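Structure file upload31.txt (compact mmCIF, C-alpha atoms) follows.
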# COMPACT_ATOMS: atom_id res chain seq x y z
CA MET A 1 301.73 70.50 238.03
CA LYS A 2 301.94 67.18 239.87
CA PHE A 3 301.03 65.79 243.27
CA MET A 4 301.31 62.42 244.99
CA GLY A 5 298.01 60.60 245.37
CA TYR A 6 296.41 57.18 245.83
CA ARG A 7 295.22 55.65 242.57
CA ARG A 8 291.88 53.84 243.02
CA PRO A 9 290.55 50.84 241.04
CA ASP A 10 288.08 53.09 239.19
CA GLY A 11 290.89 55.40 238.06
CA THR A 12 290.17 58.27 240.44
CA VAL A 13 292.81 59.66 242.78
CA GLY A 14 292.56 60.06 246.54
CA ILE A 15 294.66 62.33 248.75
CA ARG A 16 293.78 60.47 251.96
CA ASN A 17 293.47 56.72 252.53
CA HIS A 18 290.71 56.13 255.07
CA VAL A 19 288.45 53.17 255.74
CA LEU A 20 284.92 54.49 256.29
CA ILE A 21 282.66 52.86 258.85
CA MET A 22 279.29 53.96 257.46
CA ALA A 23 276.02 53.79 259.37
CA THR A 24 273.26 53.44 256.79
CA VAL A 25 270.61 54.47 259.34
CA GLY A 26 270.54 56.47 262.56
CA CYS A 27 269.90 53.33 264.64
CA ALA A 28 273.36 52.07 263.69
CA ALA A 29 275.27 55.32 264.09
CA GLU A 30 276.60 54.59 267.57
CA VAL A 31 277.75 51.12 266.56
CA ALA A 32 279.61 52.60 263.59
CA ARG A 33 281.18 55.29 265.77
CA LYS A 34 282.37 52.84 268.42
CA THR A 35 283.85 50.61 265.73
CA ALA A 36 285.77 53.47 264.13
CA ASP A 37 286.97 54.86 267.45
CA GLY A 38 288.87 51.64 268.14
CA LEU A 39 290.74 51.61 264.83
CA TYR A 40 293.60 53.78 263.59
CA GLY A 41 292.89 54.58 259.95
CA ALA A 42 289.09 54.38 260.22
CA VAL A 43 286.65 57.30 260.13
CA SER A 44 282.93 57.60 260.73
CA PHE A 45 280.23 60.18 261.47
CA ILE A 46 276.75 60.31 262.98
CA ASN A 47 274.20 59.65 260.25
CA GLN A 48 270.83 60.43 261.81
CA ASN A 49 268.82 59.55 258.71
CA GLY A 50 267.89 56.48 256.67
CA CYS A 51 264.43 55.69 258.01
CA GLY A 52 261.13 57.50 258.62
CA GLU A 53 261.84 59.80 255.68
CA THR A 54 259.86 61.00 252.70
CA ALA A 55 261.02 59.64 249.35
CA LYS A 56 262.72 62.94 248.50
CA ASN A 57 264.59 63.06 251.78
CA LEU A 58 265.62 59.41 251.55
CA GLN A 59 267.07 60.16 248.13
CA ARG A 60 269.08 63.02 249.61
CA THR A 61 270.33 60.77 252.38
CA ARG A 62 271.44 58.18 249.85
CA ASP A 63 273.03 60.79 247.59
CA ILE A 64 275.24 61.89 250.46
CA ILE A 65 276.18 58.61 252.10
CA VAL A 66 276.72 56.81 248.78
CA GLY A 67 278.79 59.74 247.54
CA LEU A 68 280.94 59.80 250.67
CA CYS A 69 281.61 56.08 250.27
CA ALA A 70 282.56 56.63 246.63
CA ASN A 71 284.88 59.60 247.34
CA PRO A 72 288.45 58.78 246.20
CA ASN A 73 289.82 59.52 249.69
CA ILE A 74 288.12 56.34 250.94
CA TYR A 75 289.96 53.03 250.44
CA GLY A 76 287.12 50.80 251.56
CA VAL A 77 283.81 50.79 253.43
CA VAL A 78 282.22 48.76 256.21
CA ALA A 79 278.51 49.60 256.15
CA ILE A 80 276.40 48.95 259.25
CA GLY A 81 272.60 48.96 259.35
CA LEU A 82 269.96 47.79 261.78
CA GLY A 83 267.98 45.44 259.54
CA CYS A 84 264.45 46.83 259.27
CA GLU A 85 265.12 50.36 258.00
CA LEU A 86 263.83 52.14 254.92
CA ASN A 87 267.34 52.47 253.53
CA LYS A 88 267.79 48.75 252.83
CA MET A 89 271.34 47.48 252.99
CA GLU A 90 271.18 45.58 249.69
CA ASP A 91 269.96 48.71 247.87
CA PHE A 92 272.64 50.84 249.48
CA LEU A 93 275.46 48.44 248.60
CA ALA A 94 274.23 48.23 245.00
CA LEU A 95 274.27 52.03 244.69
CA VAL A 96 277.83 52.26 246.02
CA ARG A 97 279.03 49.50 243.70
CA GLN A 98 277.55 51.35 240.73
CA ARG A 99 279.83 54.30 241.59
CA THR A 100 283.06 52.59 242.62
CA LYS A 101 285.03 49.33 242.59
CA LYS A 102 286.52 49.73 246.08
CA PRO A 103 286.03 47.07 248.80
CA ILE A 104 282.70 47.33 250.66
CA GLU A 105 280.95 44.98 253.06
CA GLY A 106 277.66 45.36 254.91
CA LEU A 107 276.45 44.14 258.32
CA LEU A 108 273.02 44.25 259.97
CA ILE A 109 272.85 44.47 263.76
CA GLN A 110 269.71 42.33 263.95
CA GLN A 111 271.32 39.56 261.92
CA GLU A 112 274.65 39.67 263.77
CA GLY A 113 272.99 39.20 267.17
CA GLY A 114 273.32 42.66 268.67
CA THR A 115 275.69 45.53 269.17
CA ILE A 116 278.68 43.71 270.68
CA ASN A 117 278.74 41.01 268.02
CA THR A 118 278.38 43.62 265.26
CA ILE A 119 281.22 45.76 266.59
CA ALA A 120 283.44 42.70 266.84
CA LYS A 121 282.73 41.56 263.28
CA ALA A 122 282.95 45.09 261.83
CA THR A 123 286.28 45.59 263.62
CA HIS A 124 287.64 42.37 262.12
CA ILE A 125 286.56 43.34 258.59
CA ALA A 126 287.82 46.91 258.92
CA GLN A 127 291.16 45.78 260.36
CA LYS A 128 291.79 43.73 257.22
CA MET A 129 290.85 46.70 255.01
CA ILE A 130 293.11 49.05 256.99
CA THR A 131 295.99 46.62 256.67
CA ASP A 132 295.45 46.43 252.91
CA ALA A 133 295.11 50.22 252.70
CA SER A 134 298.41 50.67 254.51
CA THR A 135 300.22 48.90 251.66
CA CYS A 136 298.97 51.45 249.10
CA MET A 137 301.71 53.73 247.84
CA ARG A 138 301.24 57.29 246.63
CA GLU A 139 302.06 57.81 242.98
CA GLU A 140 302.60 60.86 240.83
CA CYS A 141 299.31 62.32 239.57
CA ASP A 142 298.48 65.33 237.47
CA ILE A 143 296.72 68.30 239.03
CA SER A 144 294.03 67.90 236.36
CA GLU A 145 292.74 64.98 238.45
CA LEU A 146 291.83 67.28 241.34
CA MET A 147 288.24 68.23 242.06
CA LEU A 148 288.48 71.20 244.42
CA GLY A 149 285.52 72.35 246.47
CA VAL A 150 285.48 76.03 247.36
CA GLU A 151 283.28 76.98 250.29
CA CYS A 152 282.67 80.08 252.39
CA GLY A 153 281.11 80.56 255.79
CA GLY A 154 281.16 83.09 258.60
CA SER A 155 281.82 85.74 255.98
CA ASP A 156 282.67 89.34 256.74
CA ALA A 157 283.78 92.30 254.63
CA THR A 158 287.25 90.78 254.13
CA SER A 159 285.74 87.70 252.49
CA GLY A 160 284.64 89.62 249.42
CA LEU A 161 287.75 91.80 249.42
CA VAL A 162 290.45 89.19 249.98
CA ALA A 163 289.74 85.50 250.61
CA ASN A 164 287.15 84.88 247.90
CA PRO A 165 289.02 86.83 245.18
CA VAL A 166 292.20 84.91 246.04
CA MET A 167 290.34 81.64 245.71
CA GLY A 168 288.92 82.87 242.42
CA LEU A 169 292.47 83.23 241.14
CA VAL A 170 293.31 79.75 242.44
CA SER A 171 290.22 78.35 240.72
CA ASP A 172 291.22 79.98 237.44
CA ARG A 173 294.70 78.46 237.67
CA LEU A 174 293.42 74.98 238.52
CA ILE A 175 290.91 75.07 235.67
CA GLY A 176 293.64 76.29 233.33
CA MET A 177 295.55 73.11 234.18
CA GLY A 178 292.55 70.90 233.41
CA GLY A 179 291.06 70.47 236.90
CA ILE A 180 287.64 71.06 238.41
CA SER A 181 286.65 73.84 240.81
CA MET A 182 283.19 73.66 242.37
CA PHE A 183 281.24 76.21 244.37
CA SER A 184 277.66 76.25 245.55
CA GLU A 185 275.17 77.84 248.01
CA THR A 186 272.37 78.84 245.66
CA VAL A 187 270.74 81.43 247.90
CA GLU A 188 274.04 83.27 248.06
CA MET A 189 273.79 83.76 244.30
CA ILE A 190 270.62 85.86 244.61
CA GLY A 191 271.35 89.33 243.28
CA ALA A 192 274.33 88.07 241.30
CA GLU A 193 272.68 85.31 239.30
CA HIS A 194 272.59 87.45 236.15
CA LEU A 195 276.39 87.73 236.28
CA LEU A 196 276.76 83.97 236.61
CA ALA A 197 274.29 83.33 233.79
CA LYS A 198 276.39 85.52 231.48
CA ARG A 199 279.40 83.30 232.20
CA ALA A 200 277.56 80.08 231.33
CA ALA A 201 279.10 78.01 228.54
CA THR A 202 275.75 77.81 226.72
CA PRO A 203 272.55 79.86 226.70
CA GLU A 204 270.66 76.83 228.00
CA LEU A 205 272.96 76.58 231.01
CA GLY A 206 272.59 80.30 231.64
CA GLN A 207 268.82 79.90 231.74
CA ARG A 208 269.15 76.89 234.05
CA ILE A 209 271.20 78.97 236.50
CA LEU A 210 268.56 81.72 236.49
CA ASP A 211 265.71 79.25 236.88
CA ILE A 212 267.32 77.43 239.80
CA VAL A 213 268.27 80.58 241.71
CA HIS A 214 264.84 82.16 241.20
CA GLY A 215 263.20 78.86 242.09
CA ARG A 216 265.01 78.66 245.43
CA GLU A 217 263.86 82.14 246.37
CA GLN A 218 260.28 81.29 245.34
CA GLU A 219 260.38 78.15 247.51
CA GLN A 220 261.06 80.33 250.52
CA ILE A 221 258.26 82.73 249.60
CA ASP A 222 255.85 79.81 249.20
CA ALA A 223 256.86 78.59 252.67
CA GLY A 224 256.12 82.00 254.16
CA GLU A 225 259.76 82.97 254.55
CA ASP A 226 261.58 86.07 253.35
CA ILE A 227 265.14 85.09 252.53
CA ARG A 228 266.14 88.75 252.40
CA LYS A 229 265.35 89.02 256.12
CA THR A 230 267.40 85.97 257.10
CA GLN A 231 270.35 86.76 254.84
CA PRO A 232 272.87 88.13 255.45
CA SER A 233 273.13 86.34 258.79
CA PRO A 234 273.63 88.27 262.04
CA GLY A 235 277.32 87.37 262.00
CA ASN A 236 277.67 88.59 258.40
CA GLN A 237 276.08 91.89 259.38
CA ASP A 238 278.36 92.27 262.41
CA GLY A 239 281.25 91.73 260.02
CA GLY A 240 280.19 94.56 257.74
CA ILE A 241 278.01 92.87 255.10
CA THR A 242 274.80 94.85 254.74
CA THR A 243 272.59 93.16 252.12
CA LEU A 244 272.04 89.78 250.50
CA GLU A 245 273.14 91.20 247.16
CA GLU A 246 276.38 92.44 248.70
CA LYS A 247 276.99 89.01 250.22
CA SER A 248 276.28 87.32 246.88
CA LEU A 249 278.66 89.57 244.96
CA GLY A 250 281.41 88.69 247.41
CA CYS A 251 280.50 85.01 247.40
CA ILE A 252 280.76 84.49 243.65
CA HIS A 253 284.35 85.80 243.59
CA LYS A 254 285.32 82.25 244.61
CA GLY A 255 284.45 81.16 241.08
CA GLY A 256 287.07 83.32 239.42
CA HIS A 257 286.55 84.36 235.81
CA THR A 258 286.35 81.20 233.70
CA PRO A 259 283.16 80.03 231.95
CA ILE A 260 280.70 77.99 233.99
CA MET A 261 280.54 74.55 232.41
CA GLU A 262 277.75 72.88 234.38
CA MET A 263 275.30 73.34 237.27
CA VAL A 264 274.74 70.04 239.04
CA ASP A 265 272.03 69.06 241.49
CA TYR A 266 272.68 68.58 245.20
CA ALA A 267 275.55 66.13 245.84
CA GLN A 268 275.73 64.99 242.20
CA PRO A 269 279.10 64.37 240.50
CA PRO A 270 279.93 66.70 237.61
CA THR A 271 280.19 65.32 234.11
CA LYS A 272 282.43 68.11 232.78
CA LYS A 273 285.76 69.70 233.64
CA GLY A 274 286.18 73.35 234.56
CA LEU A 275 284.06 75.57 236.79
CA ILE A 276 281.02 73.79 238.24
CA LEU A 277 278.11 75.19 240.25
CA MET A 278 276.13 72.99 242.63
CA ASP A 279 272.58 73.67 243.80
CA THR A 280 272.77 73.57 247.63
CA PRO A 281 271.47 75.42 250.67
CA CYS A 282 273.72 78.17 251.98
CA TYR A 283 274.54 76.49 255.33
CA ASP A 284 278.24 75.77 255.00
CA MET A 285 278.26 72.32 256.65
CA ILE A 286 275.49 71.09 254.33
CA SER A 287 277.21 72.55 251.29
CA THR A 288 280.67 71.24 252.21
CA THR A 289 279.26 67.76 252.76
CA ALA A 290 277.52 67.83 249.36
CA LYS A 291 280.68 68.78 247.48
CA ILE A 292 282.66 65.99 249.11
CA ALA A 293 279.86 63.54 248.29
CA ALA A 294 280.15 64.70 244.67
CA GLY A 295 283.80 63.69 244.65
CA CYS A 296 285.86 66.67 245.85
CA GLN A 297 289.07 65.37 247.39
CA LEU A 298 289.78 68.72 249.10
CA VAL A 299 287.69 71.69 250.20
CA VAL A 300 289.15 75.15 250.72
CA PHE A 301 286.95 77.06 253.14
CA THR A 302 287.11 80.85 253.22
CA THR A 303 285.92 82.79 256.26
CA GLY A 304 286.10 86.21 257.80
CA ARG A 305 284.52 85.73 261.22
CA GLY A 306 286.19 82.34 261.71
CA ASN A 307 285.04 78.75 261.40
CA SER A 308 285.87 75.46 263.10
CA ILE A 309 284.44 72.72 260.85
CA GLY A 310 286.21 69.77 259.28
CA ASN A 311 285.07 66.58 257.60
CA PRO A 312 285.76 62.87 258.10
CA VAL A 313 286.27 62.09 254.41
CA ALA A 314 288.14 65.05 252.92
CA PRO A 315 290.47 67.63 254.44
CA VAL A 316 289.05 71.13 254.86
CA LEU A 317 291.76 73.78 254.41
CA LYS A 318 290.48 76.92 256.13
CA VAL A 319 291.63 80.37 255.09
CA THR A 320 290.69 83.82 256.31
CA GLY A 321 291.17 87.28 254.88
CA ASN A 322 290.87 88.77 258.37
CA GLY A 323 294.21 88.87 260.21
CA GLU A 324 292.55 89.47 263.56
CA THR A 325 290.43 86.34 263.11
CA TYR A 326 293.51 84.28 262.26
CA ARG A 327 295.37 85.44 265.36
CA ARG A 328 292.32 84.84 267.57
CA MET A 329 291.53 81.38 266.11
CA GLU A 330 294.88 80.18 264.81
CA ASP A 331 294.15 76.57 265.79
CA ASN A 332 291.24 76.55 263.30
CA HIS A 333 292.77 78.29 260.29
CA ASP A 334 295.52 77.17 257.94
CA ILE A 335 296.25 80.30 255.89
CA ASN A 336 296.24 83.93 256.99
CA MET A 337 295.28 85.97 253.94
CA GLY A 338 295.00 89.04 256.14
CA ASP A 339 298.48 89.97 254.93
CA VAL A 340 296.80 91.33 251.79
CA LEU A 341 295.24 94.14 253.83
CA GLU A 342 297.82 94.42 256.61
CA LYS A 343 301.11 93.99 254.73
CA HIS A 344 300.03 94.92 251.19
CA VAL A 345 300.72 91.46 249.78
CA SER A 346 299.06 91.29 246.35
CA LEU A 347 296.17 88.98 245.56
CA GLU A 348 298.34 87.23 242.99
CA GLU A 349 301.12 86.65 245.54
CA MET A 350 298.61 85.25 248.03
CA ALA A 351 297.21 82.99 245.31
CA ASP A 352 300.75 81.70 244.68
CA PHE A 353 301.15 80.88 248.38
CA THR A 354 297.70 79.29 248.60
CA MET A 355 298.37 77.09 245.58
CA LYS A 356 301.56 75.82 247.23
CA GLU A 357 299.65 75.02 250.42
CA ILE A 358 296.97 73.19 248.42
CA VAL A 359 299.60 71.01 246.73
CA ALA A 360 301.25 70.32 250.10
CA THR A 361 297.86 69.22 251.46
CA LEU A 362 297.32 66.99 248.43
CA ASN A 363 300.70 65.41 249.15
CA GLY A 364 299.71 64.60 252.72
CA LYS A 365 300.31 67.70 254.83
CA LEU A 366 297.63 67.71 257.52
CA THR A 367 295.20 70.59 257.97
CA LYS A 368 294.60 72.11 261.40
CA ALA A 369 291.26 70.31 261.58
CA GLU A 370 292.98 66.97 260.91
CA ILE A 371 295.79 67.61 263.40
CA TYR A 372 293.45 68.48 266.24
CA GLY A 373 290.75 66.00 265.26
CA PHE A 374 288.21 68.79 264.75
CA GLY A 375 285.17 68.12 262.62
CA TYR A 376 285.20 64.35 262.20
CA SER A 377 281.43 64.32 262.69
CA ASP A 378 280.77 67.46 260.65
CA VAL A 379 278.37 65.94 258.13
CA ILE A 380 274.89 67.36 257.65
CA ILE A 381 272.41 66.13 255.04
CA SER A 382 269.97 68.62 253.50
CA ARG A 383 266.24 68.19 253.93
CA ALA A 384 263.55 69.13 251.38
CA CYS A 385 262.90 72.89 251.10
CA GLU A 386 265.99 73.64 253.22
CA TYR A 387 267.36 76.52 251.18
CA CYS A 388 267.66 79.45 253.59

Could you take the file, read its structure, and then write that structure out as structure tokens?
Amino acid sequence: MKFMGYRRPDGTVGIRNHVLIMATVGCAAEVARKTADGLYGAVSFINQNGCGETAKNLQRTRDIIVGLCANPNIYGVVAIGLGCELNKMEDFLALVRQRTKKPIEGLLIQQEGGTINTIAKATHIAQKMITDASTCMREECDISELMLGVECGGSDATSGLVANPVMGLVSDRLIGMGGISMFSETVEMIGAEHLLAKRAATPELGQRILDIVHGREQEQIDAGEDIRKTQPSPGNQDGGITTLEEKSLGCIHKGGHTPIMEMVDYAQPPTKKGLILMDTPCYDMISTTAKIAAGCQLVVFTTGRGNSIGNPVAPVLKVTGNGETYRRMEDNHDINMGDVLEKHVSLEEMADFTMKEIVATLNGKLTKAEIYGFGYSDVIISRACEYC
């Protein structure tokens, strides 16, 4: 299976062709936003971190913002900092250049003489990058070059019955063609971790899965929290999910039936092909951000109750197994999988349709979130011990 993508200097393939205006610290976020707002072809988001952080949290900030810069959907980067922050510009640029060969330039507001001067210079640099990006032509690429993120949020009973099983079939097909499918949300593996461990490619990986899942639950206990009282969420319960174990069993359907090849840390790129787990909190915006920072060009987001998020770097294709939710929130959702329950469409038939929509999105078809401009600031970076 083929799609039309943008070949990058490092050999990866993008499905979008943005220039990212990246604030390396919260003090520069408004300058980055104002720069991007004045340019067609530029994206940005509000990064509130980058200073006044513990070492562990600074590392998480860097993992995300470096990863977003390196994502194949980004043609080039204009990084903007203040000048006295913990996340030093020279260190940040070096980290990005270790990951990618794309154009990147950095500016410091203090050195440029203030906000207005910085916006003017950043606009000039970004305009040149956008012009260069506009000359890039899509070329034929193999589906094996796709890293697909699979996410769920606002789940209800239809998520485990329809949307997640359909995405499991899609994951199996993509992996069968040599691609990568990645899912995460470690807490939502509690109660099902033994099933995942049995699917691990090696005994050592199986033990790693068990250790990480059990470790996340223990972290909450050590912090005085009981994850089984906060999960499932109130919305999950209103939608018919009664226990954390029930939620977990529905959640892991997204991973289909293939062996698990690797479990990577938060926001880290995989080193293997196939089915990949990522260790993340269960909050969908944090988890979606982490997968895109790891290199996912596209995220398919399953929901039952409905969800409105997007992302500035990668398209988020939202699907729901609840027909009522689709009709109520049609401007937020791209695929109505409710036909499985309402019109007796088979899971396999719905997987066929979903695969076609994924390829269309890879080729440039816009998602609802992209069309309406929803979610261009939907980036959240995890903090230490944030696993509920």

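Minimum distance to A:Met285 across A:Ile381, A:Cys136, A:Ala223, A:Ile190 (counting only C-alpha atoms) occurs at A:Ile381.
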
Where's the centre, and what are the edge lengths in Å to one decimal, of a box along x, y and z enclosing all listed atoms of stretch 326-338 of chain A padded 6 Å per side, as JSON?
{"center_x": 293.7, "center_y": 82.8, "center_z": 260.8, "size_x": 17.0, "size_y": 24.5, "size_z": 25.6}

Could you give me, as an MDAnalysis selection string, the residues that sit within 9 Å of (291.9, 68.1, 246.8) in the file's coordinates, counting only C-alpha atoms?
chainID A and resid 14:15 145:149 296:300 314:315 358:359 361:362

For A:Leu161, please output as a PDB file with C-alpha atoms, in the frame of the given file all residues within 10 Å (counting only C-alpha atoms; exclusion window: fewer than 2 positions along the same chain).
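What ended up in out21.pdb:
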ATOM      1  CA  ASP A 156     282.670  89.340 256.740  1.00  0.00           C
ATOM      2  CA  ALA A 157     283.780  92.300 254.630  1.00  0.00           C
ATOM      3  CA  THR A 158     287.250  90.780 254.130  1.00  0.00           C
ATOM      4  CA  SER A 159     285.740  87.700 252.490  1.00  0.00           C
ATOM      5  CA  ALA A 163     289.740  85.500 250.610  1.00  0.00           C
ATOM      6  CA  ASN A 164     287.150  84.880 247.900  1.00  0.00           C
ATOM      7  CA  PRO A 165     289.020  86.830 245.180  1.00  0.00           C
ATOM      8  CA  VAL A 166     292.200  84.910 246.040  1.00  0.00           C
ATOM      9  CA  GLY A 250     281.410  88.690 247.410  1.00  0.00           C
ATOM     10  CA  HIS A 253     284.350  85.800 243.590  1.00  0.00           C
ATOM     11  CA  GLY A 321     291.170  87.280 254.880  1.00  0.00           C
ATOM     12  CA  ASN A 322     290.870  88.770 258.370  1.00  0.00           C
ATOM     13  CA  VAL A 340     296.800  91.330 251.790  1.00  0.00           C
ATOM     14  CA  LEU A 341     295.240  94.140 253.830  1.00  0.00           C
ATOM     15  CA  LEU A 347     296.170  88.980 245.560  1.00  0.00           C
TER      16      LEU A 347
END

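We find atom CA of A:Cys69 and atom CA of A:Val43 to be spaced 11.1 Å apart.
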
Excluding same-chain residues fewer than 4 positions from A:Asn311, what lies within 12 Å of it counting only C-alpha atoms, as number ranges by chain?
A: 43-46, 68, 73, 284-293, 296-301, 315-318, 367-370, 373-380

Residues within 9 Å of A:Leu82, please, as a VMD selection string. Count all atoms listed in the file; anything in the same chain fewer than 2 positions from it doesn't count.
chain A and resid 23 to 28 80 84 to 85 89 107 to 111

Could those residues be written to a file, using C-alpha atoms, as a PDB file, in the coordinates of the input?
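What follows is the written file result.pdb:
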ATOM      1  CA  ALA A  23     276.020  53.790 259.370  1.00  0.00           C
ATOM      2  CA  THR A  24     273.260  53.440 256.790  1.00  0.00           C
ATOM      3  CA  VAL A  25     270.610  54.470 259.340  1.00  0.00           C
ATOM      4  CA  GLY A  26     270.540  56.470 262.560  1.00  0.00           C
ATOM      5  CA  CYS A  27     269.900  53.330 264.640  1.00  0.00           C
ATOM      6  CA  ALA A  28     273.360  52.070 263.690  1.00  0.00           C
ATOM      7  CA  ILE A  80     276.400  48.950 259.250  1.00  0.00           C
ATOM      8  CA  CYS A  84     264.450  46.830 259.270  1.00  0.00           C
ATOM      9  CA  GLU A  85     265.120  50.360 258.000  1.00  0.00           C
ATOM     10  CA  MET A  89     271.340  47.480 252.990  1.00  0.00           C
ATOM     11  CA  LEU A 107     276.450  44.140 258.320  1.00  0.00           C
ATOM     12  CA  LEU A 108     273.020  44.250 259.970  1.00  0.00           C
ATOM     13  CA  ILE A 109     272.850  44.470 263.760  1.00  0.00           C
ATOM     14  CA  GLN A 110     269.710  42.330 263.950  1.00  0.00           C
ATOM     15  CA  GLN A 111     271.320  39.560 261.920  1.00  0.00           C
TER      16      GLN A 111
END

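Shortest separation to A:Ile65 among A:Met263, A:Val77, A:Ala192, A:Glu342 occurs at residue A:Val77, atoms counted being all atoms listed in the file.
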
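Of the residues listed (A:Thr186, A:Ser181, A:Thr115, A:Asn49), A:Ser181 shows the shortest atom-to-atom separation from A:Ser144; distances use only C-alpha atoms.
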
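Across the model, the gap from atom CA of A:Gly274 to atom CA of A:Pro203 is 17.0 Å.
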
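Every protein or nucleic acid residue with an atom no more than 10 Å from A:Ser134, counting only C-alpha atoms and leaving out same-chain residues fewer than 6 positions away, appears here: Asn17, His18, Gly41, Tyr75 and Lys128 of chain A.
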
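Near stretch 235-239 of chain A, within 12 Å and counting all atoms listed in the file, sit Cys152, Gly153, Gly154, Ser155, Asp156, Ala157, Thr158, Ser159, Gly160, Lys229, Thr230, Leu244, Glu246, Lys247, Ser248, Gly250, Cys251, Thr303, Gly304, Arg305, Gly306, Asn307, Asn322 and Thr325 of chain A; same-chain residues fewer than 5 positions away were not included.
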
Can you measure atom CA of A:Asn363 to atom CA of A:Tyr40 for me? One decimal in Å is fine.
19.9 Å

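Among A:Gly38, A:Gly76, A:Gly81, A:Pro259, the residue with the shortest atom-to-atom distance to A:Cys51, counting only C-alpha atoms, is A:Gly81.
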
Which residue, A:Thr258, A:Gln268, A:Gln207, A:Thr100, has the smallest gap to A:Ile175 when you use all atoms listed in the file?
A:Thr258

Between A:Ile371, A:Ile74, A:Val264, A:Met1, single out the one closest to A:Ala133, counting only C-alpha atoms.
A:Ile74

Please determine the residues with any atom at most 12 Å from (281.2, 54.1, 238.8) (coordinates as given in the file, with all atoms listed in the file counting) and report them as a PyMOL selection string.
chain A and resi 8-12+66-67+69-72+94-102+269+295
